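Asks: If it helps, the file is called protein-v3.tsv and holds TSV, C-alpha atoms:
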```tsv
chain	number	residue	atom	x	y	z
A	1225	MET	CA	12.71	11.94	0.11
A	1226	LYS	CA	14.41	9.64	2.62
A	1227	LEU	CA	12.21	6.86	3.96
A	1228	ILE	CA	13.08	5.33	7.32
A	1229	TYR	CA	12.61	1.60	7.93
A	1230	PRO	CA	12.38	-0.33	11.22
A	1231	LEU	CA	15.33	-2.73	11.16
A	1232	ASN	CA	19.05	-2.01	11.14
A	1233	VAL	CA	20.00	-4.86	8.77
A	1234	LYS	CA	21.35	-5.08	5.25
A	1235	ASN	CA	20.45	-8.00	3.00
A	1236	GLU	CA	21.73	-8.55	-0.51
A	1237	PHE	CA	19.42	-9.96	-3.17
A	1238	VAL	CA	18.29	-9.26	-6.71
A	1239	PHE	CA	14.64	-8.60	-7.52
A	1240	ASN	CA	13.42	-8.07	-11.08
A	1241	SER	CA	9.93	-6.68	-11.48
A	1242	SER	CA	9.04	-9.03	-14.35
A	1243	PRO	CA	6.21	-11.51	-15.03
A	1244	ARG	CA	8.62	-14.40	-14.31
A	1245	ASP	CA	9.55	-13.17	-10.84
A	1246	PHE	CA	6.55	-11.10	-9.72
A	1247	THR	CA	2.87	-12.08	-9.72
A	1248	VAL	CA	-0.07	-10.28	-8.11
A	1249	GLU	CA	-3.51	-11.82	-7.62
A	1250	GLU	CA	-6.57	-9.91	-6.44
A	1251	ILE	CA	-8.61	-11.32	-3.54
A	1252	PRO	CA	-12.25	-10.24	-4.08
A	1253	LEU	CA	-14.14	-8.53	-1.27
A	1254	TYR	CA	-17.07	-10.94	-1.64
A	1255	GLU	CA	-18.15	-14.09	-3.44
A	1256	PHE	CA	-19.83	-13.60	-6.80
A	1257	THR	CA	-23.46	-14.70	-6.86
A	1258	GLY	CA	-23.54	-16.75	-10.09
A	1259	GLU	CA	-26.59	-14.86	-11.33
A	1260	GLY	CA	-27.41	-11.37	-12.59
A	1261	GLU	CA	-26.95	-9.19	-15.67
A	1262	HIS	CA	-23.22	-8.60	-15.16
A	1263	LEU	CA	-20.38	-10.92	-16.09
A	1264	VAL	CA	-17.27	-11.00	-13.87
A	1265	LEU	CA	-14.11	-12.05	-15.70
A	1266	GLN	CA	-10.97	-13.30	-14.01
A	1267	VAL	CA	-8.22	-12.00	-16.29
A	1268	ARG	CA	-4.49	-12.68	-16.37
A	1269	LYS	CA	-2.28	-10.06	-18.02
A	1270	LYS	CA	1.41	-9.35	-18.39
A	1271	GLU	CA	3.55	-6.42	-19.58
A	1272	MET	CA	0.62	-4.03	-19.88
A	1273	THR	CA	-1.28	-1.66	-17.61
A	1274	THR	CA	-4.82	-2.30	-16.40
A	1275	TRP	CA	-5.98	0.55	-18.67
A	1276	GLU	CA	-4.37	-1.09	-21.71
A	1277	MET	CA	-5.98	-4.42	-20.83
A	1278	LEU	CA	-9.41	-2.79	-20.42
A	1279	ASP	CA	-8.97	-1.01	-23.78
A	1280	ALA	CA	-8.11	-4.28	-25.56
A	1281	ILE	CA	-11.20	-6.04	-24.21
A	1282	SER	CA	-13.58	-3.10	-24.65
A	1283	ASN	CA	-12.43	-2.59	-28.26
A	1284	HIS	CA	-13.04	-6.26	-29.01
A	1285	VAL	CA	-16.55	-6.17	-27.49
A	1286	GLY	CA	-17.38	-2.74	-28.95
A	1287	ILE	CA	-18.09	-0.83	-25.73
A	1288	ARG	CA	-16.54	2.14	-23.94
A	1289	ARG	CA	-13.91	1.50	-21.30
A	1290	ARG	CA	-16.02	3.30	-18.71
A	1291	ASP	CA	-18.80	0.72	-19.23
A	1292	MET	CA	-16.50	-1.88	-17.67
A	1293	GLY	CA	-15.89	-2.42	-13.97
A	1294	TYR	CA	-12.58	-3.07	-12.19
A	1295	ALA	CA	-11.50	-3.21	-8.54
A	1296	GLY	CA	-7.93	-1.91	-8.74
A	1297	LEU	CA	-5.02	-0.90	-10.99
A	1298	LYS	CA	-2.27	-3.47	-11.29
A	1299	ASP	CA	1.46	-3.27	-12.00
A	1300	LYS	CA	2.51	-3.24	-15.67
A	1301	HIS	CA	5.68	-5.24	-15.06
A	1302	ALA	CA	4.15	-8.10	-13.06
A	1303	MET	CA	2.03	-11.06	-14.07
A	1304	THR	CA	-1.32	-10.00	-12.60
A	1305	ILE	CA	-4.63	-11.76	-12.09
A	1306	GLN	CA	-7.54	-9.43	-11.53
A	1307	TYR	CA	-11.31	-9.21	-11.81
A	1308	ILE	CA	-13.22	-7.01	-14.23
A	1309	SER	CA	-16.90	-6.87	-15.18
A	1310	VAL	CA	-18.94	-6.28	-18.34
A	1311	MET	CA	-22.63	-6.62	-19.11
A	1312	ALA	CA	-23.50	-10.29	-19.61
A	1313	ILE	CA	-25.04	-9.57	-23.04
A	1314	HIS	CA	-21.44	-9.54	-24.37
A	1315	GLU	CA	-20.73	-13.11	-23.25
A	1316	GLU	CA	-20.71	-14.62	-26.78
A	1317	LYS	CA	-18.34	-11.95	-28.15
A	1318	LEU	CA	-15.92	-12.56	-25.28
A	1319	LYS	CA	-15.62	-16.25	-26.19
A	1320	ALA	CA	-13.82	-15.19	-29.38
A	1321	PHE	CA	-11.37	-12.85	-27.57
A	1322	THR	CA	-7.68	-13.67	-27.98
A	1323	HIS	CA	-4.60	-11.62	-27.07
A	1324	ASP	CA	-0.94	-12.53	-26.62
A	1325	LYS	CA	-0.70	-10.66	-23.28
A	1326	ILE	CA	-4.20	-11.30	-21.90
A	1327	LYS	CA	-6.01	-14.51	-20.99
A	1328	ILE	CA	-9.56	-14.72	-19.63
A	1329	LEU	CA	-9.27	-17.49	-17.02
A	1330	SER	CA	-12.92	-17.76	-15.95
A	1331	SER	CA	-16.24	-15.95	-15.92
A	1332	VAL	CA	-19.21	-15.88	-13.56
A	1333	ARG	CA	-22.50	-13.95	-13.42
A	1334	HIS	CA	-23.02	-11.32	-10.76
A	1335	ASN	CA	-25.69	-8.79	-9.74
A	1336	ASN	CA	-23.64	-5.61	-10.02
A	1337	LYS	CA	-20.69	-3.95	-11.70
A	1338	ILE	CA	-17.32	-4.27	-9.94
A	1339	ARG	CA	-16.31	-0.96	-8.34
A	1340	VAL	CA	-12.91	0.46	-7.47
A	1341	GLY	CA	-11.94	-0.77	-4.02
A	1342	HIS	CA	-14.09	-3.93	-4.09
A	1343	LEU	CA	-11.05	-5.85	-2.88
A	1344	LYS	CA	-10.11	-7.64	0.30
A	1345	GLY	CA	-6.45	-7.48	-0.66
A	1346	ASN	CA	-3.79	-8.82	-3.02
A	1347	ARG	CA	-1.65	-11.94	-2.94
A	1348	PHE	CA	1.95	-11.39	-4.05
A	1349	ASN	CA	4.35	-14.08	-5.26
A	1350	ILE	CA	7.94	-12.86	-5.53
A	1351	ARG	CA	11.21	-14.53	-6.48
A	1352	LEU	CA	14.40	-13.04	-5.02
A	1353	LYS	CA	17.63	-14.08	-6.75
A	1354	LYS	CA	21.28	-14.38	-5.74
A	1355	VAL	CA	20.37	-15.13	-2.13
A	1356	LEU	CA	23.64	-16.71	-1.06
A	1357	GLY	CA	24.90	-18.30	2.16
A	1358	VAL	CA	23.96	-16.48	5.33
A	1359	GLN	CA	21.59	-14.15	3.43
A	1360	LYS	CA	18.93	-16.86	3.50
A	1361	ASP	CA	19.02	-17.05	7.32
A	1362	LYS	CA	18.98	-13.27	7.61
A	1363	LEU	CA	15.91	-13.07	5.34
A	1364	ASP	CA	14.22	-15.79	7.43
A	1365	SER	CA	14.86	-13.73	10.56
A	1366	VAL	CA	13.51	-10.46	9.09
A	1367	LEU	CA	10.49	-12.28	7.68
A	1368	LYS	CA	9.72	-13.63	11.15
A	1369	TRP	CA	9.89	-10.06	12.51
A	1370	ILE	CA	7.56	-8.84	9.72
A	1371	LYS	CA	5.05	-11.62	10.47
A	1372	THR	CA	4.90	-10.51	14.12
A	1373	ASN	CA	5.08	-6.74	13.66
A	1374	GLY	CA	4.02	-5.71	10.15
A	1375	VAL	CA	5.61	-2.98	7.99
A	1376	PRO	CA	5.28	0.79	7.41
A	1377	ASN	CA	2.80	1.63	4.65
A	1378	TYR	CA	4.76	4.10	2.51
A	1379	PHE	CA	3.58	5.11	-0.94
A	1380	GLY	CA	5.78	3.42	-3.55
A	1381	ASN	CA	7.94	5.16	-6.14
A	1382	GLN	CA	5.31	4.61	-8.85
A	1383	ARG	CA	3.18	7.25	-7.08
A	1384	PHE	CA	5.78	9.92	-7.90
A	1385	GLY	CA	6.42	9.39	-11.63
A	1386	THR	CA	9.46	8.21	-13.58
A	1387	ASP	CA	11.74	10.90	-12.15
A	1388	GLY	CA	10.17	10.80	-8.68
A	1389	ASN	CA	9.29	14.50	-8.71
A	1390	ASN	CA	5.55	14.65	-9.62
A	1391	TRP	CA	4.94	15.99	-6.12
A	1392	GLU	CA	6.88	19.18	-6.90
A	1393	ASP	CA	4.32	20.23	-9.53
A	1394	GLY	CA	1.61	19.22	-7.07
A	1395	ARG	CA	3.09	21.55	-4.46
A	1396	LYS	CA	3.21	24.40	-7.00
A	1397	LEU	CA	-0.46	23.79	-7.86
A	1398	VAL	CA	-1.38	23.94	-4.17
A	1399	ALA	CA	0.67	27.13	-3.72
A	1400	GLY	CA	-0.92	28.71	-6.83
A	1401	THR	CA	2.42	29.22	-8.61
A	1402	LEU	CA	1.46	26.71	-11.33
A	1403	LYS	CA	-1.78	26.74	-13.32
A	1404	MET	CA	-3.20	23.73	-15.14
A	1405	ARG	CA	-6.48	23.48	-17.00
A	1406	ASP	CA	-6.81	19.69	-17.16
A	1407	ARG	CA	-8.63	18.73	-13.94
A	1408	LYS	CA	-7.58	15.05	-13.91
A	1409	THR	CA	-3.87	15.83	-14.32
A	1410	ARG	CA	-4.14	18.61	-11.74
A	1411	GLU	CA	-5.76	16.31	-9.18
A	1412	PHE	CA	-3.27	13.52	-9.92
A	1413	LEU	CA	-0.30	15.82	-9.27
A	1414	MET	CA	-1.85	17.26	-6.12
A	1415	GLY	CA	-2.51	13.68	-5.00
A	1416	SER	CA	1.18	12.95	-5.53
A	1417	TYR	CA	1.99	15.88	-3.22
A	1418	GLN	CA	-0.45	14.48	-0.63
A	1419	SER	CA	1.43	11.15	-0.85
A	1420	TYR	CA	4.78	12.95	-0.46
A	1421	LEU	CA	3.53	14.65	2.73
A	1422	PHE	CA	2.22	11.32	4.03
A	1423	ASN	CA	5.60	9.63	3.45
A	1424	ASN	CA	7.40	12.45	5.21
A	1425	TRP	CA	5.00	12.33	8.16
A	1426	LEU	CA	5.48	8.55	8.39
A	1427	SER	CA	9.28	8.94	8.28
A	1428	LYS	CA	9.00	11.41	11.16
A	1429	ARG	CA	7.04	8.85	13.17
A	1430	MET	CA	9.56	6.14	12.28
A	1431	GLU	CA	12.27	8.44	13.61
A	1432	LEU	CA	10.30	8.73	16.86
A	1433	ASN	CA	10.06	4.92	17.11
A	1434	HIS	CA	13.82	4.53	16.67
A	1435	LEU	CA	14.57	7.26	19.23
A	1436	LEU	CA	12.36	5.57	21.83
A	1437	GLU	CA	14.33	2.33	21.32
A	1438	LYS	CA	17.60	4.12	22.19
A	1439	PHE	CA	16.66	6.94	24.56
A	1440	SER	CA	14.31	7.69	27.44
A	1441	GLU	CA	10.95	9.36	26.90
A	1442	THR	CA	12.32	12.64	28.31
A	1443	GLU	CA	15.37	12.58	26.02
A	1444	THR	CA	13.20	11.76	23.00
A	1445	GLU	CA	10.88	14.68	23.84
A	1446	GLN	CA	13.89	17.01	23.84
A	1447	ILE	CA	15.24	15.70	20.52
A	1448	MET	CA	11.77	15.88	18.88
A	1449	GLU	CA	11.09	19.29	20.49
A	1450	LEU	CA	7.92	18.06	22.17
A	1451	PRO	CA	6.47	19.33	25.47
A	1452	GLN	CA	7.72	17.66	28.65
A	1453	GLY	CA	5.59	14.62	29.54
A	1454	SER	CA	4.01	14.34	26.08
A	1455	LEU	CA	5.53	10.89	25.48
A	1456	LYS	CA	4.66	9.50	28.91
A	1457	ASP	CA	4.03	5.73	28.84
A	1458	THR	CA	4.95	5.32	25.15
A	1459	LYS	CA	8.24	3.47	25.59
A	1460	LYS	CA	6.70	0.47	27.36
A	1461	GLN	CA	4.32	-0.31	24.48
A	1462	PRO	CA	5.01	-3.75	22.96
A	1463	ASN	CA	4.74	-2.63	19.31
A	1464	PHE	CA	7.66	-1.25	17.31
A	1465	PHE	CA	5.37	1.58	16.10
A	1466	LYS	CA	4.64	3.54	19.26
A	1467	LEU	CA	1.25	5.25	19.60
A	1468	VAL	CA	1.06	8.70	21.19
A	1469	GLU	CA	-1.78	10.66	22.76
A	1470	GLY	CA	-4.26	11.93	20.18
A	1471	ASP	CA	-3.19	9.57	17.39
A	1472	THR	CA	-5.76	8.96	14.67
A	1473	MET	CA	-6.57	5.25	14.44
A	1474	MET	CA	-8.63	3.09	12.10
A	1475	HIS	CA	-10.21	-0.30	12.68
A	1476	TYR	CA	-8.15	-2.86	10.78
A	1477	PRO	CA	-8.24	-3.92	7.97
A	1478	TYR	CA	-11.14	-1.51	7.33
A	1479	GLY	CA	-13.46	0.55	9.47
A	1480	ARG	CA	-14.13	3.84	11.16
A	1481	VAL	CA	-11.63	6.52	12.18
A	1482	PHE	CA	-11.18	7.68	15.80
A	1483	ASN	CA	-8.64	9.42	18.05
A	1484	VAL	CA	-6.68	7.70	20.82
A	1485	GLU	CA	-8.09	8.50	24.26
A	1486	ASP	CA	-6.83	5.60	26.39
A	1487	LEU	CA	-3.24	5.11	25.20
A	1488	GLU	CA	-2.58	1.87	27.12
A	1489	GLU	CA	-5.79	0.21	25.94
A	1490	GLU	CA	-5.38	1.28	22.27
A	1491	ALA	CA	-1.76	0.02	22.27
A	1492	LYS	CA	-3.07	-3.41	23.34
A	1493	ARG	CA	-5.68	-3.36	20.58
A	1494	PHE	CA	-2.97	-2.41	18.08
A	1495	GLU	CA	-0.88	-5.34	19.31
A	1496	ARG	CA	-3.91	-7.62	18.73
A	1497	LYS	CA	-4.12	-6.17	15.18
A	1498	ASP	CA	-7.68	-4.91	15.75
A	1499	ILE	CA	-6.71	-1.33	14.90
A	1500	ALA	CA	-3.82	0.53	13.27
A	1501	PRO	CA	-2.52	4.12	13.23
A	1502	ALA	CA	-3.81	6.18	10.33
A	1503	GLY	CA	-1.57	8.72	8.63
A	1504	LEU	CA	-2.43	12.02	7.07
A	1505	LEU	CA	-3.39	12.76	3.46
A	1506	PRO	CA	-3.98	16.51	3.88
A	1507	GLY	CA	-6.92	18.29	2.29
A	1508	LYS	CA	-10.57	19.12	2.88
A	1509	LYS	CA	-12.92	17.15	5.15
A	1510	MET	CA	-10.30	15.21	7.05
A	1511	LYS	CA	-10.06	14.24	10.70
A	1512	LEU	CA	-7.02	15.74	12.40
A	1513	SER	CA	-4.96	14.18	15.16
A	1514	THR	CA	-4.97	15.89	18.56
A	1515	SER	CA	-2.61	16.32	21.52
A	1516	THR	CA	0.97	15.00	20.97
A	1517	ALA	CA	0.09	13.37	17.62
A	1518	GLY	CA	-1.40	16.67	16.46
A	1519	LEU	CA	1.82	18.54	17.30
A	1520	ILE	CA	3.88	16.10	15.20
A	1521	GLU	CA	1.32	16.16	12.39
A	1522	ALA	CA	0.97	19.95	12.24
A	1523	SER	CA	3.92	20.60	9.92
A	1524	PHE	CA	2.46	18.21	7.32
A	1525	VAL	CA	-1.04	19.74	7.25
A	1526	GLU	CA	-1.67	21.88	4.17
A	1527	GLU	CA	-4.85	23.40	2.85
A	1528	MET	CA	-5.57	22.26	-0.68
A	1529	ASN	CA	-8.52	22.06	-3.03
A	1530	LEU	CA	-8.68	18.28	-2.76
A	1531	ASN	CA	-10.39	16.02	-0.27
A	1532	GLY	CA	-8.14	14.78	2.50
A	1533	ALA	CA	-8.19	11.29	3.98
A	1534	ARG	CA	-6.55	8.97	6.47
A	1535	ARG	CA	-4.46	6.00	5.32
A	1536	TYR	CA	-3.07	3.11	7.34
A	1537	ALA	CA	0.43	4.01	8.49
A	1538	TRP	CA	1.23	0.46	9.52
A	1539	ILE	CA	0.01	-2.71	7.83
A	1540	GLN	CA	0.07	-6.42	8.59
A	1541	VAL	CA	1.60	-8.96	6.21
A	1542	THR	CA	-0.38	-12.21	6.32
A	1543	GLU	CA	-0.36	-15.72	4.83
A	1544	ILE	CA	3.44	-15.61	4.51
A	1545	THR	CA	5.11	-18.63	2.94
A	1546	LYS	CA	8.70	-19.03	1.79
A	1547	ASN	CA	10.77	-21.55	-0.12
A	1548	TYR	CA	14.53	-21.53	-0.66
A	1549	VAL	CA	15.83	-23.17	-3.85
A	1550	GLU	CA	19.46	-23.70	-2.87
A	1551	GLU	CA	20.83	-24.84	-6.25
A	1552	LYS	CA	19.52	-21.66	-7.91
A	1553	ALA	CA	19.98	-19.35	-4.88
A	1554	HIS	CA	16.33	-18.32	-5.26
A	1555	TYR	CA	14.22	-17.23	-2.29
A	1556	GLU	CA	10.53	-17.58	-3.19
A	1557	LEU	CA	8.05	-15.55	-1.17
A	1558	SER	CA	4.26	-15.39	-1.01
A	1559	PHE	CA	2.21	-13.03	1.17
A	1560	VAL	CA	-1.06	-11.09	1.33
A	1561	LEU	CA	-1.44	-7.33	1.83
A	1562	PRO	CA	-4.58	-5.20	2.25
A	1563	LYS	CA	-5.80	-3.34	-0.86
A	1564	GLY	CA	-3.83	-0.26	-1.87
A	1565	CYS	CA	-0.60	-1.46	-0.25
A	1566	TYR	CA	2.70	-1.96	-2.04
A	1567	ALA	CA	4.83	-5.13	-2.04
A	1568	THR	CA	7.87	-2.82	-2.19
A	1569	ASN	CA	7.27	-2.00	1.51
A	1570	VAL	CA	7.90	-5.65	2.40
A	1571	LEU	CA	10.94	-5.84	0.10
A	1572	ASP	CA	12.41	-2.64	1.53
A	1573	VAL	CA	12.15	-3.94	5.10
A	1574	LEU	CA	13.72	-7.24	3.96
A	1575	ARG	CA	16.52	-5.31	2.25
A	1576	GLY	CA	16.93	-3.18	5.35
A	1577	GLN	CA	18.10	-0.03	3.58
A	1578	ALA	CA	16.60	3.41	3.66
A	1579	VAL	CA	15.51	4.56	0.20
```
In structure tokens, how does this file's structure come out?

Replies:
Amino acid sequence: MKLIYPLNVKNEFVFNSSPRDFTVEEIPLYEFTGEGEHLVLQVRKKEMTTWEMLDAISNHVGIRRRDMGYAGLKDKHAMTIQYISVMAIHEEKLKAFTHDKIKILSSVRHNNKIRVGHLKGNRFNIRLKKVLGVQKDKLDSVLKWIKTNGVPNYFGNQRFGTDGNNWEDGRKLVAGTLKMRDRKTREFLMGSYQSYLFNNWLSKRMELNHLLEKFSETETEQIMELPQGSLKDTKKQPNFFKLVEGDTMMHYPYGRVFNVEDLEEEAKRFERKDIAPAGLLPGKKMKLSTSTAGLIEASFVEEMNLNGARRYAWIQVTEITKNYVEEKAHYELSFVLPKGCYATNVLDVLRGQAV
């Protein structure tokens, strides 16, 4: 699976996904009330999955893991700070909790259990190493571009398993050539295939964006095998990601789904970061793109026994700060992404190489 990125640059740096060089901190969707029968814990963990952290705490308290609440799953290899919830009746037991990889930083009462997705976003702190000489200036330049434009929202490698081929079993399950009794594993693998199709659709759209930078609308239509006139007025749009007639859009950073009707007006709203294009996770109950966008999307639509969805194809990177430590050749980065988005998308655009 070849992913296409927006900038034709190549930057050299070293990034280790380790607690020393990579931290992730959840930004809650709302303020906690300070009262109620639930207890929200701010927890710091390292070198363990969210599931392993939940197991350690639930075993100490003497409850089932499913009785606990959490907003999102966090990277095993990073230092992560996230919020979980338990019933407040366990407050005394939690005071005695100790673990060499987990620290409870704070606790506060709240009215309800934390649910998956109860997140505004995540703050990432990343240290890039061996950033020498002109590389620092090149990274500054790309970071400035990212701040203005955003980045493509590909699914990261972790979605596809250690060997990167989970999606192949997912495709076999969809085709009916593979049978599997365990529902959770079956749905996970089919979800991996959905993600694979999304990445391929997004790469196709990235190809379109690059073609429109180099060629006329008519020439791009011929290369993409699209009907004559279907890309009319796309080239003049100010965004790198060009919208086309019938694109499926979502209000940003969350909100309802709709199809493009007035291309010029929606391109302006996209530039203002009010809306963003929404890519395809094929399945049941999903809104399809129409017109030109529907023609491009058609080859990635598959019927499967799994609910479909739309996912932001393009995301904004906010609250960007940077610091260059010259004597160590370290480039320290901090930024915020919406929930469900991968820091690797920012790193891949900074690196400037297709994966």

Asks: Using all atoms listed in the file, which protein or nucleic acid residues come within 8 Å of Val1285 of chain A? Drop anything in the same chain fewer than 6 positions from it, and give the result as a list in words.

Replies: His1314, Lys1317 and Leu1318 of chain A

Asks: Go ahead and save the picked residues with C-alpha atoms, as a PDB file, keeping the file's coordinate frame.

Replies:
```pdb
ATOM      1  CA  HIS A1314     -21.440  -9.540 -24.370  1.00  0.00           C
ATOM      2  CA  LYS A1317     -18.340 -11.950 -28.150  1.00  0.00           C
ATOM      3  CA  LEU A1318     -15.920 -12.560 -25.280  1.00  0.00           C
TER       4      LEU A1318
END
```

Asks: A:Arg1289, A:Lys1546, A:Lys1371, A:His1323: which is nearest Lys1497 of chain A, counting all atoms listed in the file?

Replies: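 Among the listed residues, the smallest separation from Lys1497 of chain A belongs to A:Lys1371.
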
Asks: Rank nothing, just name the residue among A:Glu1271, A:His1284, A:Lys1460, A:Gly1470 nearest to Thr1516 of chain A, using all atoms listed in the file.

Replies: A:Gly1470

Asks: Using Å and a single decimal, report how far atom CA of Lys1325 of chain A sits from atom CA of Ile1305 of chain A.

Replies: 11.9 Å

Asks: Using atom CA of Ala1491 of chain A and atom CA of Arg1575 of chain A as the two end points, give the distance in Å to one decimal.

Replies: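 Going from atom CA of Ala1491 of chain A over to atom CA of Arg1575 of chain A covers 27.6 Å.
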
Asks: List the spatial neighbours of Pro1376 of chain A as a PyMOL selection string - criterion: any atom at most 7 Å away, all atoms listed in the file, same-chain residues fewer than 5 positions off excluded.

Replies: chain A and resi 1537-1539+1569

Asks: Those same residues - C-alpha atoms - I'd like them written as a PDB file, in the frame of the given file.

Replies:
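Written output follows (result19.pdb):
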```
ATOM      1  CA  ALA A1537       0.430   4.010   8.490  1.00  0.00           C
ATOM      2  CA  TRP A1538       1.230   0.460   9.520  1.00  0.00           C
ATOM      3  CA  ILE A1539       0.010  -2.710   7.830  1.00  0.00           C
ATOM      4  CA  ASN A1569       7.270  -2.000   1.510  1.00  0.00           C
TER       5      ASN A1569
END
```

Asks: Separation of atom CA of Gln1418 of chain A and atom CA of Tyr1476 of chain A, in Å?

Replies: 22.1 Å

Asks: Considering only C-alpha atoms, state which residue in the set A:Arg1268, A:Arg1407, A:His1262, A:His1334 is at the smallest distance from Asp1291 of chain A.

Replies: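 Nearest to Asp1291 of chain A: A:His1262.
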
Asks: Which residues are near Ala1522 of chain A? Cut-off 12 Å, all atoms listed in the file, ignore same chain within fewer than 4 positions. Put them as number ranges by chain.

Replies: A: 1421-1422, 1425, 1428, 1504, 1506, 1512-1518, 1526-1527

Asks: Just want the 8 Å neighbourhood of Pro1562 of chain A, counted on all atoms listed in the file, with same-chain residues fewer than 5 positions away dropped. Output as a ChimeraX atom specification.

Replies: /A:1344-1346,1477,1539-1540

Asks: When you look at segment 1432-1443 of chain A with a cut-off of 8 Å (counting only C-alpha atoms), what residues show up, excluding the ones that are within fewer than 3 positions of it in the same chain? I need them as number ranges by chain.

Replies: A: 1230, 1428-1429, 1446-1448, 1452-1453, 1455-1456, 1458-1459, 1464-1466

Asks: Taking into account all atoms listed in the file, which residue in the set A:Ala1502, A:Ile1287, A:Met1272, A:Ile1370 is nearest to Ile1313 of chain A?

Replies: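 Distance minimum relative to Ile1313 of chain A lands on A:Ile1287.
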
Asks: Which of these, A:Ser1330, A:Thr1386, A:Ser1365, A:Thr1322, has the shortest distance to Val1264 of chain A once you count all atoms listed in the file?

Replies: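 The closest residue to Val1264 of chain A is A:Ser1330.
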